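*Asks:* Compact mmCIF, C-alpha atoms, saved as protein02.txt, coming up:
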# COMPACT_ATOMS: atom_id res chain seq x y z
CA MET A 211 81.83 -60.45 -22.89
CA SER A 212 80.44 -62.26 -25.93
CA GLN A 213 79.35 -60.67 -29.17
CA GLU A 214 75.70 -61.38 -28.36
CA ASP A 215 75.94 -59.58 -25.04
CA LEU A 216 77.42 -56.53 -26.70
CA GLU A 217 74.64 -56.41 -29.30
CA GLU A 218 71.97 -56.82 -26.62
CA LYS A 219 73.50 -53.99 -24.59
CA GLU A 220 73.55 -51.69 -27.65
CA VAL A 221 69.85 -52.43 -28.34
CA THR A 222 68.97 -51.68 -24.73
CA ALA A 223 70.87 -48.38 -24.86
CA GLU A 224 69.06 -47.37 -28.06
CA GLU A 225 65.65 -48.20 -26.56
CA SER A 226 66.50 -46.22 -23.45
CA ALA A 227 67.52 -43.22 -25.56
CA GLU A 228 64.27 -43.41 -27.51
CA ASP A 229 62.24 -43.58 -24.28
CA ASN A 230 64.05 -40.55 -22.89
CA LYS A 231 63.42 -38.69 -26.14
CA ALA A 232 59.71 -39.54 -26.06
CA LYS A 233 59.41 -38.42 -22.45
CA ALA A 234 61.18 -35.18 -23.29
CA ASN A 235 58.81 -34.54 -26.20
CA LYS A 236 55.78 -35.30 -24.00
CA SER A 237 57.07 -32.96 -21.30
CA ASN A 238 57.61 -30.19 -23.83
CA LYS A 239 54.08 -30.61 -25.15
CA GLY A 240 52.67 -30.41 -21.59
CA ASN A 241 54.66 -27.29 -20.87
CA ARG A 242 53.45 -25.71 -24.11
CA GLY A 243 49.85 -26.53 -23.14
CA ILE A 244 50.26 -24.97 -19.74
CA LEU A 245 51.87 -21.92 -21.31
CA ILE A 246 49.05 -21.53 -23.83
CA ALA A 247 46.41 -21.92 -21.11
CA THR A 248 48.21 -19.39 -18.92
CA VAL A 249 48.41 -16.88 -21.76
CA ALA A 250 44.72 -17.41 -22.62
CA LEU A 251 43.65 -16.91 -19.01
CA GLY A 252 45.80 -13.81 -18.76
CA VAL A 253 44.27 -12.36 -21.91
CA LEU A 254 40.77 -13.20 -20.64
CA LEU A 255 41.51 -11.62 -17.26
CA ALA A 256 42.90 -8.51 -18.89
CA PHE A 257 39.83 -8.28 -21.12
CA THR A 258 37.54 -8.67 -18.12
CA VAL A 259 39.35 -5.95 -16.19
CA VAL A 260 39.26 -3.58 -19.15
CA PHE A 261 35.58 -4.34 -19.81
CA SER A 262 34.71 -3.80 -16.13
CA ILE A 263 36.53 -0.50 -16.03
CA ILE A 264 34.77 0.71 -19.18
CA PHE A 265 31.37 -0.56 -17.96
CA PHE A 266 31.58 1.09 -14.55
CA TYR A 267 32.96 4.27 -16.08
CA LEU A 268 29.95 4.47 -18.38
CA ARG A 269 27.57 3.70 -15.48
CA ILE A 270 29.16 6.37 -13.30
CA ARG A 271 28.96 8.90 -16.12
CA GLU A 272 25.34 7.94 -16.76
CA THR A 273 24.50 8.30 -13.06
CA LYS A 274 26.23 11.67 -12.88
CA ASN A 275 24.31 12.87 -15.94
CA SER A 276 21.08 11.64 -14.39
CA LEU A 277 21.79 13.40 -11.10
CA VAL A 278 22.69 16.60 -12.95
CA GLN A 279 19.41 16.42 -14.86
CA GLU A 280 17.43 15.79 -11.66
CA GLU A 281 19.20 18.59 -9.83
CA SER A 282 18.62 20.99 -12.70
CA LYS A 283 14.89 20.13 -12.97
CA ALA A 284 12.81 22.83 -11.36
CA TYR A 285 9.28 22.11 -10.12
CA ASP A 286 6.60 24.74 -9.96
CA LYS A 287 5.05 23.35 -6.76
CA TYR A 288 6.17 21.16 -3.88
CA TYR A 289 3.51 19.24 -1.92
CA ALA A 290 3.99 17.13 1.21
CA MET A 291 1.87 13.98 1.71
CA ILE A 292 1.61 12.87 5.35
CA THR A 293 0.15 9.73 6.92
CA ASP A 294 0.91 7.36 9.78
CA SER A 295 0.44 4.38 7.45
CA ARG A 296 2.85 5.23 4.65
CA ASN A 297 4.23 1.66 4.43
CA THR A 298 0.86 0.07 3.59
CA ASP A 299 -0.16 -0.87 0.05
CA TYR A 300 -3.15 1.45 0.45
CA TRP A 301 -1.07 4.59 0.93
CA LYS A 302 1.60 3.59 -1.55
CA SER A 303 -1.18 3.46 -4.13
CA VAL A 304 -2.54 6.85 -3.03
CA TYR A 305 0.95 8.29 -3.39
CA ALA A 306 1.40 6.74 -6.84
CA GLY A 307 -1.83 8.39 -8.01
CA ALA A 308 -0.72 11.74 -6.60
CA CYS A 309 2.60 11.50 -8.42
CA GLU A 310 0.84 10.71 -11.70
CA GLU A 311 -1.27 13.86 -11.45
CA ALA A 312 1.61 16.00 -10.16
CA GLU A 313 3.78 15.07 -13.13
CA LYS A 314 1.18 16.57 -15.49
CA HIS A 315 1.51 19.92 -13.73
CA ASN A 316 5.26 19.96 -13.08
CA ALA A 317 4.65 19.55 -9.35
CA TYR A 318 6.54 17.35 -6.91
CA VAL A 319 4.89 15.27 -4.17
CA GLU A 320 6.95 13.85 -1.32
CA LEU A 321 5.65 11.07 0.90
CA MET A 322 7.01 12.44 4.15
CA GLY A 323 8.97 10.02 6.34
CA GLU A 324 9.69 7.53 3.58
CA ASN A 325 13.12 5.84 3.75
CA LEU A 326 13.93 7.46 7.08
CA GLU A 327 15.60 5.38 9.80
CA ALA A 328 13.73 7.29 12.51
CA ASN A 329 10.03 6.50 12.75
CA LEU A 330 8.66 10.03 13.02
CA SER A 331 5.04 10.57 14.01
CA LYS A 332 2.52 12.28 11.78
CA THR A 333 2.68 15.44 13.87
CA ASP A 334 6.50 15.47 13.64
CA LEU A 335 6.28 15.21 9.85
CA LEU A 336 3.58 17.87 9.74
CA ARG A 337 5.75 20.22 11.77
CA ILE A 338 8.67 19.63 9.37
CA ALA A 339 6.45 20.34 6.36
CA ILE A 340 5.22 23.62 7.85
CA ASN A 341 8.72 24.75 8.80
CA SER A 342 9.89 23.87 5.28
CA ASN A 343 7.20 26.20 3.90
CA VAL A 344 5.89 23.67 1.39
CA ASP A 345 3.35 24.85 -1.19
CA GLY A 346 0.65 22.49 0.06
CA ILE A 347 -0.03 19.68 2.52
CA ILE A 348 -1.96 16.49 1.69
CA ILE A 349 -2.69 14.68 4.95
CA GLU A 350 -4.72 11.81 6.36
CA GLY A 351 -7.22 13.56 8.58
CA ASP A 352 -7.67 12.83 12.29
CA ASP A 353 -9.17 14.63 15.26
CA LYS A 354 -6.12 14.77 17.52
CA ARG A 355 -5.69 18.15 19.17
CA GLU A 356 -2.01 18.48 18.21
CA THR A 357 -2.74 17.71 14.55
CA LEU A 358 -5.56 20.25 14.51
CA GLU A 359 -3.37 22.97 16.01
CA LEU A 360 -0.62 22.33 13.46
CA LEU A 361 -3.07 22.39 10.55
CA GLN A 362 -4.44 25.70 11.81
CA GLU A 363 -0.85 26.98 11.97
CA ALA A 364 -0.37 25.91 8.36
CA ASN A 365 -3.51 27.87 7.48
CA ARG A 366 -2.11 30.97 9.21
CA GLN A 367 1.02 30.60 7.08
CA ASP A 368 -1.12 30.37 3.92
CA ILE A 369 -0.24 26.74 3.29
CA PRO A 370 -3.36 25.06 1.84
CA VAL A 371 -4.34 21.69 3.31
CA VAL A 372 -6.20 18.82 1.65
CA THR A 373 -7.42 16.00 3.91
CA VAL A 374 -7.45 12.50 2.45
CA SER A 375 -9.20 9.27 3.51
CA ASP A 376 -10.56 10.84 6.70
CA ASP A 377 -11.65 14.40 7.35
CA ASN A 378 -11.32 17.12 9.93
CA MET A 379 -13.52 20.11 9.15
CA GLU A 380 -12.10 22.20 12.01
CA SER A 381 -8.69 22.18 10.32
CA ASN A 382 -9.80 24.80 7.74
CA ARG A 383 -8.81 22.40 5.00
CA ILE A 384 -9.64 23.53 1.48
CA SER A 385 -11.00 20.13 0.39
CA TYR A 386 -11.62 16.56 1.54
CA ILE A 387 -10.82 13.56 -0.70
CA GLY A 388 -12.33 10.24 0.35
CA VAL A 389 -15.32 7.96 0.74
CA SER A 390 -18.57 8.91 2.42
CA SER A 391 -18.45 7.29 5.85
CA TYR A 392 -22.22 6.91 5.81
CA ASN A 393 -22.23 5.19 2.42
CA MET A 394 -19.45 2.86 3.46
CA GLY A 395 -21.35 1.92 6.62
CA LYS A 396 -24.46 1.22 4.55
CA GLU A 397 -22.49 -1.13 2.30
CA TYR A 398 -21.06 -3.04 5.26
CA GLY A 399 -24.55 -3.17 6.70
CA SER A 400 -25.92 -4.58 3.46
CA GLN A 401 -23.29 -7.31 3.39
CA LEU A 402 -23.85 -8.12 7.06
CA THR A 403 -27.62 -8.43 6.82
CA GLN A 404 -27.35 -10.61 3.74
CA TYR A 405 -24.97 -12.95 5.56
CA VAL A 406 -27.17 -13.09 8.69
CA LYS A 407 -30.32 -13.89 6.74
CA GLU A 408 -28.60 -16.67 4.81
CA ASN A 409 -26.50 -18.26 7.56
CA VAL A 410 -27.57 -17.30 11.10
CA THR A 411 -30.48 -19.08 12.81
CA ASP A 412 -30.23 -17.79 16.36
CA PHE A 413 -27.82 -14.99 17.37
CA CYS A 414 -24.86 -13.19 15.83
CA ARG A 415 -22.18 -11.13 17.62
CA VAL A 416 -20.61 -8.51 15.35
CA LEU A 417 -17.42 -6.59 16.13
CA VAL A 418 -16.51 -3.49 14.12
CA LEU A 419 -12.75 -2.82 14.27
CA MET A 420 -11.97 0.89 14.09
CA ASP A 421 -8.55 2.27 13.27
CA ASP A 422 -7.41 4.91 15.75
CA THR A 423 -6.60 7.21 12.83
CA PHE A 424 -10.36 7.55 12.22
CA THR A 425 -12.04 10.62 13.60
CA ALA A 426 -14.70 10.07 16.22
CA SER A 427 -17.24 11.52 13.81
CA SER A 428 -16.40 8.99 11.09
CA GLN A 429 -16.55 6.09 13.54
CA SER A 430 -19.96 7.18 14.80
CA ILE A 431 -21.37 7.64 11.30
CA ILE A 432 -20.18 4.22 10.10
CA LEU A 433 -21.69 2.47 13.15
CA THR A 434 -24.94 4.40 12.72
CA ALA A 435 -25.23 3.32 9.09
CA ILE A 436 -24.54 -0.35 9.92
CA ASN A 437 -27.15 -0.32 12.70
CA GLU A 438 -29.68 1.33 10.40
CA SER A 439 -29.26 -1.48 7.88
CA VAL A 440 -29.80 -4.09 10.60
CA GLU A 441 -32.93 -2.32 11.86
CA VAL A 442 -34.41 -1.90 8.39
CA GLU A 443 -34.10 -5.64 7.81
CA GLY A 444 -35.74 -6.39 11.16
CA LEU A 445 -32.67 -8.15 12.55
CA SER A 446 -32.08 -6.07 15.68
CA ASP A 447 -33.05 -8.94 17.99
CA LYS A 448 -30.69 -11.33 16.21
CA VAL A 449 -27.62 -9.11 15.74
CA LYS A 450 -25.57 -7.45 18.48
CA ILE A 451 -23.03 -4.91 17.21
CA SER A 452 -20.06 -3.64 19.23
CA SER A 453 -16.94 -1.71 18.24
CA GLN A 454 -13.31 -1.59 19.26
CA VAL A 455 -10.61 0.92 18.40
CA VAL A 456 -7.31 -0.69 17.40
CA SER A 457 -4.03 1.19 17.81
CA SER A 458 -1.92 1.70 14.72
CA ASN A 459 0.77 4.13 15.89
CA LYS A 460 2.98 1.63 17.74
CA ASP A 461 4.82 -1.40 16.40
CA TYR A 462 2.73 -4.57 16.64
CA ALA A 463 0.05 -2.78 18.70
CA ALA A 464 -2.69 -3.71 16.22
CA GLU A 465 -1.54 -7.33 16.14
CA GLU A 466 -1.64 -7.55 19.94
CA ASP A 467 -5.07 -5.92 20.20
CA ILE A 468 -6.51 -8.27 17.59
CA ARG A 469 -4.84 -11.35 19.09
CA ASP A 470 -6.50 -10.58 22.43
CA ILE A 471 -9.89 -10.79 20.74
CA PHE A 472 -9.30 -14.47 20.03
CA VAL A 473 -7.11 -15.63 22.92
CA GLY A 474 -7.67 -13.02 25.63
CA GLU A 475 -9.76 -13.28 28.80
CA ASN A 476 -13.02 -12.67 26.93
CA SER A 477 -12.19 -14.80 23.90
CA HIS A 478 -14.94 -17.28 24.87
CA ALA A 479 -17.45 -14.59 23.94
CA GLY A 480 -15.64 -13.68 20.75
CA PRO A 481 -17.40 -12.29 17.66
CA ASP A 482 -19.07 -14.35 14.95
CA VAL A 483 -18.44 -11.57 12.43
CA ILE A 484 -15.63 -9.00 12.28
CA ILE A 485 -15.91 -5.89 10.13
CA CYS A 486 -12.52 -4.30 9.42
CA LEU A 487 -12.31 -0.67 8.36
CA SER A 488 -8.64 -0.53 7.34
CA GLU A 489 -6.23 -2.54 5.22
CA LYS A 490 -3.92 -3.20 8.18
CA ASN A 491 -6.68 -4.47 10.45
CA THR A 492 -8.03 -6.71 7.68
CA ALA A 493 -4.62 -8.32 7.15
CA CYS A 494 -4.04 -8.70 10.91
CA VAL A 495 -7.42 -10.35 11.50
CA TYR A 496 -6.83 -12.74 8.62
CA GLN A 497 -3.39 -13.72 9.94
CA THR A 498 -4.67 -14.15 13.51
CA VAL A 499 -7.58 -16.32 12.39
CA VAL A 500 -5.15 -18.57 10.54
CA ASP A 501 -2.56 -18.67 13.35
CA TYR A 502 -5.10 -19.65 16.02
CA ASN A 503 -7.11 -22.11 13.90
CA LYS A 504 -10.23 -19.95 13.83
CA VAL A 505 -10.83 -20.33 10.10
CA GLY A 506 -14.52 -21.02 9.51
CA GLN A 507 -15.47 -19.87 13.02
CA VAL A 508 -15.59 -16.15 12.22
CA GLU A 509 -16.67 -14.27 9.11
CA ILE A 510 -14.46 -11.38 8.01
CA PHE A 511 -15.61 -8.34 6.05
CA GLY A 512 -12.51 -6.48 4.99
CA TYR A 513 -11.25 -3.25 3.49
CA TYR A 514 -9.01 -2.72 0.44
CA LEU A 515 -7.39 -5.38 -1.77
CA SER A 516 -3.71 -5.99 -1.08
CA PRO A 517 -2.18 -9.28 -2.33
CA ILE A 518 -2.67 -10.93 1.08
CA ILE A 519 -6.33 -9.85 1.24
CA GLU A 520 -6.89 -11.06 -2.29
CA TYR A 521 -5.43 -14.45 -1.36
CA ALA A 522 -7.64 -14.66 1.75
CA ILE A 523 -10.76 -13.95 -0.31
CA GLU A 524 -9.77 -16.60 -2.81
CA LYS A 525 -9.40 -19.12 0.05
CA ASP A 526 -12.81 -18.18 1.57
CA ILE A 527 -11.20 -16.83 4.74
CA ILE A 528 -12.33 -13.26 4.04
CA ARG A 529 -15.93 -13.10 2.82
CA SER A 530 -15.74 -9.76 1.00
CA SER A 531 -13.86 -6.48 0.98
CA ILE A 532 -14.72 -2.90 0.09
CA VAL A 533 -12.08 -1.51 -2.24
CA VAL A 534 -11.40 2.19 -2.68
CA ASP A 535 -9.87 3.60 -5.85
CA THR A 536 -6.76 4.79 -4.06
CA ARG A 537 -5.04 6.05 -7.21
CA GLN A 538 -8.06 8.21 -7.92
CA MET A 539 -7.80 9.46 -4.34
CA GLY A 540 -4.19 10.49 -4.94
CA ARG A 541 -4.98 12.12 -8.28
CA TYR A 542 -7.88 14.11 -6.84
CA SER A 543 -5.76 15.37 -3.93
CA VAL A 544 -3.26 16.97 -6.31
CA GLU A 545 -6.04 18.10 -8.66
CA ALA A 546 -7.78 19.90 -5.81
CA MET A 547 -4.52 21.54 -4.70
CA ASN A 548 -3.68 22.71 -8.22
CA GLU A 549 -7.19 24.04 -8.80
CA TYR A 550 -7.01 26.04 -5.58
CA MET A 551 -3.58 27.41 -6.50
CA GLU A 552 -4.79 28.53 -9.92
CA THR A 553 -8.25 29.90 -9.10
CA GLY A 554 -8.45 30.36 -5.35
CA TYR A 555 -11.51 28.09 -5.29
CA VAL A 556 -12.04 24.34 -5.10
CA SER A 557 -14.88 21.92 -4.42
CA GLU A 558 -15.09 21.13 -0.73
CA ILE A 559 -15.46 17.38 -1.28
CA TYR A 560 -14.29 14.86 -3.87
CA LEU A 561 -15.96 11.49 -3.35
CA ILE A 562 -13.99 8.44 -4.46
CA ASP A 563 -15.23 5.36 -6.30
CA THR A 564 -15.60 2.13 -4.35
CA ASN A 565 -16.09 -1.50 -5.36
CA LEU A 566 -17.20 -4.63 -3.54
CA VAL A 567 -14.90 -7.62 -3.98
CA THR A 568 -16.07 -11.19 -3.34
CA LYS A 569 -14.73 -14.55 -4.43
CA GLU A 570 -17.26 -14.61 -7.25
CA ASN A 571 -15.90 -11.48 -8.92
CA LEU A 572 -12.29 -11.73 -7.80
CA THR A 573 -9.69 -11.62 -10.55
CA GLN A 574 -5.97 -12.27 -10.37
CA ASN A 575 -5.35 -8.60 -11.03
CA THR A 576 -4.86 -6.84 -7.69
CA ASP A 577 -5.97 -3.58 -9.30
CA PRO A 578 -9.78 -3.77 -9.36
CA TYR A 579 -9.93 -0.66 -11.53
CA SER A 580 -8.12 -2.16 -14.51
CA PRO A 581 -10.09 -2.33 -17.80
CA ASP A 582 -10.21 -6.13 -17.60
CA SER A 583 -11.62 -6.27 -14.08
CA ASP A 584 -15.14 -7.61 -13.58
CA ILE A 585 -15.40 -6.52 -9.94
CA GLN A 586 -18.81 -5.07 -9.11
CA ASP A 587 -18.92 -1.28 -9.07
CA THR A 588 -20.94 -0.15 -6.08
CA HIS A 589 -20.36 3.56 -6.71
CA GLY A 590 -23.79 5.00 -7.15
CA SER A 591 -25.51 1.65 -6.56
CA ASP A 592 -28.43 1.18 -4.21
CA ALA A 593 -26.08 -0.28 -1.61
CA LEU A 594 -24.05 2.92 -1.46
CA ASP A 595 -26.85 5.40 -2.14
CA SER A 596 -28.06 6.94 1.06
CA ASP A 597 -31.41 8.67 1.28
CA GLU A 598 -31.41 12.38 1.88
CA SER A 599 -33.03 12.25 5.29
CA SER A 600 -30.48 9.78 6.66
CA SER A 601 -27.68 11.96 5.43
CA GLU A 602 -29.11 15.01 7.15
CA ASN A 603 -29.20 13.07 10.42
CA SER A 604 -25.57 12.05 10.03
CA ASN A 605 -24.43 15.69 9.86
CA GLU A 606 -21.36 14.61 7.95
CA SER A 607 -19.25 16.95 5.91
CA GLU A 608 -19.98 15.11 2.67
CA GLU A 609 -23.00 17.38 2.12
CA ALA A 610 -20.89 19.76 0.05
CA PRO A 611 -20.67 19.68 -3.77
CA VAL A 612 -18.86 16.70 -5.16
CA THR A 613 -16.35 17.14 -7.92
CA THR A 614 -16.47 14.42 -10.54
CA GLU A 615 -13.48 13.06 -12.41
CA GLU A 616 -14.29 15.29 -15.35
CA GLY A 617 -13.89 18.26 -13.02
CA GLY A 618 -17.56 19.21 -12.84
CA ALA A 619 -19.34 19.72 -9.57
CA ASP A 620 -22.64 18.15 -8.59
CA ASP A 621 -24.70 19.41 -5.70
CA GLU A 622 -25.07 16.12 -3.88
CA THR A 623 -26.06 15.17 -0.38
CA ASP A 624 -25.22 11.77 1.02
Can you turn what I pasted into structure tokens?

*Replies:*
Amino acid sequence: MSQEDLEEKEVTAEESAEDNKAKANKSNKGNRGILIATVALGVLLAFTVVFSIIFFYLRIRETKNSLVQEESKAYDKYYAMITDSRNTDYWKSVYAGACEEAEKHNAYVELMGENLEANLSKTDLLRIAINSNVDGIIIEGDDKRETLELLQEANRQDIPVVTVSDDNMESNRISYIGVSSYNMGKEYGSQLTQYVKENVTDFCRVLVLMDDTFTASSQSIILTAINESVEVEGLSDKVKISSQVVSSNKDYAAEEDIRDIFVGENSHAGPDVIICLSEKNTACVYQTVVDYNKVGQVEIFGYYLSPIIEYAIEKDIIRSSIVVDTRQMGRYSVEAMNEYMETGYVSEIYLIDTNLVTKENLTQNTDPYSPDSDIQDTHGSDALDSDESSSENSNESEEAPVTTEEGGADDETD
């Protein structure tokens, strides 16, 4: 082997050694990087675990303290609120108002049946409340025989009863909180006659949808007031008014009854105007009109102002809606109960404020009683003021003194 070959071989060996050294250094750096990343992740994981343990420990301790405080809080009175429609916005608002007033007096109000898996009837809940010996019962009135018998049993056990939204005078209730059925009928009648005079040239079929929770007396009074308005305006030959009771105690029963109005055997003779007397019926009619492409073919006069009803008014699908101050209704129910507990006396009737909502005065606020609302107040207006003689003919229970929000009583007949 020549000298040149030996030198070349030595150079090659040196280059190979340097390459191996560089690779070794690179490998060591990679391993160090992996090690650092592993350590960092481990530290982060450990920190997360420790933080989670501390966080949940504090939350558990806070929850325990809260439960201890709730368990140790003693209320002076316990009232049961009972309705078949507890899941509606209307009754949730009534309940919220009741809770607001109850808190001022260290009383507790339970909306019976809420968050229960079993769908108990109103009479089942009423029976539970009586057997639990509650201090008072706030209930949506009806004229069912079983309800009446249970309310009379509550009276025998010295449990005071306040009826809300609808009344039953035979129940020996201490007070009724709600709207005058006659006045409400007059307002619907006013809206109906205005619409007929402005839009109807020949004939108008009107259907009044009654909720089956209404007493027969309330239904009759509302229809009487609507018919009176039509007669006063000289529209009896142009307007034909009929009524239909819609079931609300079974799942989807109201939806099926209302659907049949538009697609049933007699749908060809369907109404030109529908007057709804409950929040649920208003929402169901709106949805059915949309589903079956009847928008513009039927005018809807609604009740209450839930988000869906507000949207329908904004889109000109519902013409107007009568809105009840449901929070005031809830507050008055507890106020009446507390007054009776303290003095043994209470005004027989508390009338609630109402407003008429149309697209023209609709605001984005779903609470028409907020300070910023410009919704027309019809409480005390000509539309809701009934003359004394008409009220006497109605024979409705609203002829008793009316307690105002300030707590005073006015001798008023509707």

*Asks:* Can you pull out every residue within 7 Å of A:Ser381, counting all atoms listed in the file, but drop anything in the same chain fewer than 2 positions away, and send it as number ranges by chain?

*Replies:* A: 358, 361-362, 378-379, 383

*Asks:* With 12 Å as the cut-off and only C-alpha atoms counted, what is the closest atom pair between each nearby residue of stretch 427-543 of chain A and stretch 309-327 of chain A? Distances in Å to one decimal, ordered by chain and number, as CSV.

*Replies:*
residue,atom,partner,partner_atom,distance
A:Arg537,CA,A:Glu310,CA,8.7
A:Gln538,CA,A:Glu311,CA,9.5
A:Met539,CA,A:Glu311,CA,10.6
A:Gly540,CA,A:Cys309,CA,7.7
A:Arg541,CA,A:Glu311,CA,5.2
A:Tyr542,CA,A:Glu311,CA,8.1
A:Ser543,CA,A:Glu311,CA,8.9

*Asks:* Store the residues picked out above in a file with C-alpha atoms, as a CSV table (one decimal), keeping the file's coordinate frame.

*Replies:*
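Ended up saving to part_12.csv:
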chain,number,residue,atom,x,y,z
A,537,ARG,CA,-5.0,6.0,-7.2
A,538,GLN,CA,-8.1,8.2,-7.9
A,539,MET,CA,-7.8,9.5,-4.3
A,540,GLY,CA,-4.2,10.5,-4.9
A,541,ARG,CA,-5.0,12.1,-8.3
A,542,TYR,CA,-7.9,14.1,-6.8
A,543,SER,CA,-5.8,15.4,-3.9

*Asks:* Any idea what's packed within 12 Å of A:Ile338, counting all atoms listed in the file, ignoring anything in its chain fewer than 2 positions away? Could you give it as a short mmCIF file (atom, residue, chain, number, x, y, z; two decimals) with C-alpha atoms, in the frame of the given file?

*Replies:*
data_model
loop_
_atom_site.label_atom_id
_atom_site.label_comp_id
_atom_site.auth_asym_id
_atom_site.auth_seq_id
_atom_site.Cartn_x
_atom_site.Cartn_y
_atom_site.Cartn_z
CA ALA A 290 3.99 17.13 1.21
CA MET A 291 1.87 13.98 1.71
CA ILE A 292 1.61 12.87 5.35
CA MET A 322 7.01 12.44 4.15
CA GLY A 323 8.97 10.02 6.34
CA LEU A 330 8.66 10.03 13.02
CA SER A 331 5.04 10.57 14.01
CA LYS A 332 2.52 12.28 11.78
CA THR A 333 2.68 15.44 13.87
CA ASP A 334 6.50 15.47 13.64
CA LEU A 335 6.28 15.21 9.85
CA LEU A 336 3.58 17.87 9.74
CA ILE A 340 5.22 23.62 7.85
CA ASN A 341 8.72 24.75 8.80
CA SER A 342 9.89 23.87 5.28
CA ASN A 343 7.20 26.20 3.90
CA VAL A 344 5.89 23.67 1.39
CA ILE A 347 -0.03 19.68 2.52
CA LEU A 360 -0.62 22.33 13.46
CA ALA A 364 -0.37 25.91 8.36
#

*Asks:* Go through A:Glu549, A:Ile518, A:Glu380, A:Glu438 and flag the residue nearest A:Arg355, using only C-alpha atoms for the distances.

*Replies:*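 Under the stated criterion, the closest residue is A:Glu380.
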
*Asks:* Between A:Ser439, A:Thr425, A:Gly395, A:Met547, which one has atoms that come closest to A:Cys486, using all atoms listed in the file?

*Replies:*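 With all atoms listed in the file as the atom set, the closest residue is A:Gly395.
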
*Asks:* What gap, in Å, lies between atom CA of A:Ser452 and atom CA of A:Asn393?

*Replies:* 19.1 Å

*Asks:* Return the single residue from A:Leu254, A:Val449, A:Met551, A:Val533 that is closest to A:Lys407, with distances computed using only C-alpha atoms.

*Replies:* A:Val449

*Asks:* Hey, can you check how far atom CA of A:Asp535 sits from atom CA of A:Thr357?

*Replies:*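 If I compute the distance from atom CA of A:Asp535 to atom CA of A:Thr357, I get 25.8 Å.
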
*Asks:* Using only C-alpha atoms, find the one residue out of A:Gln454, A:Asn503, A:Ser516, A:Ser530 that sits nearest to A:Lys569.

*Replies:* A:Ser530

*Asks:* Could you pull the residues within 9 Å of A:Val556, counting all atoms listed in the file, minus those fewer than 2 positions along the same chain, as a short mmCIF file (atom, residue, chain, number, x, y, z; two decimals) with C-alpha atoms, in the coordinates of the input?

*Replies:*
data_model
loop_
_atom_site.label_atom_id
_atom_site.label_comp_id
_atom_site.auth_asym_id
_atom_site.auth_seq_id
_atom_site.Cartn_x
_atom_site.Cartn_y
_atom_site.Cartn_z
CA ILE A 384 -9.64 23.53 1.48
CA SER A 385 -11.00 20.13 0.39
CA ALA A 546 -7.78 19.90 -5.81
CA MET A 547 -4.52 21.54 -4.70
CA GLU A 549 -7.19 24.04 -8.80
CA TYR A 550 -7.01 26.04 -5.58
CA THR A 553 -8.25 29.90 -9.10
CA GLY A 554 -8.45 30.36 -5.35
CA GLU A 558 -15.09 21.13 -0.73
CA ILE A 559 -15.46 17.38 -1.28
CA THR A 613 -16.35 17.14 -7.92
#

*Asks:* To one decimal place in Å, what is the distance between atom CA of A:Glu465 and atom CA of A:Thr298?

*Replies:* 14.8 Å
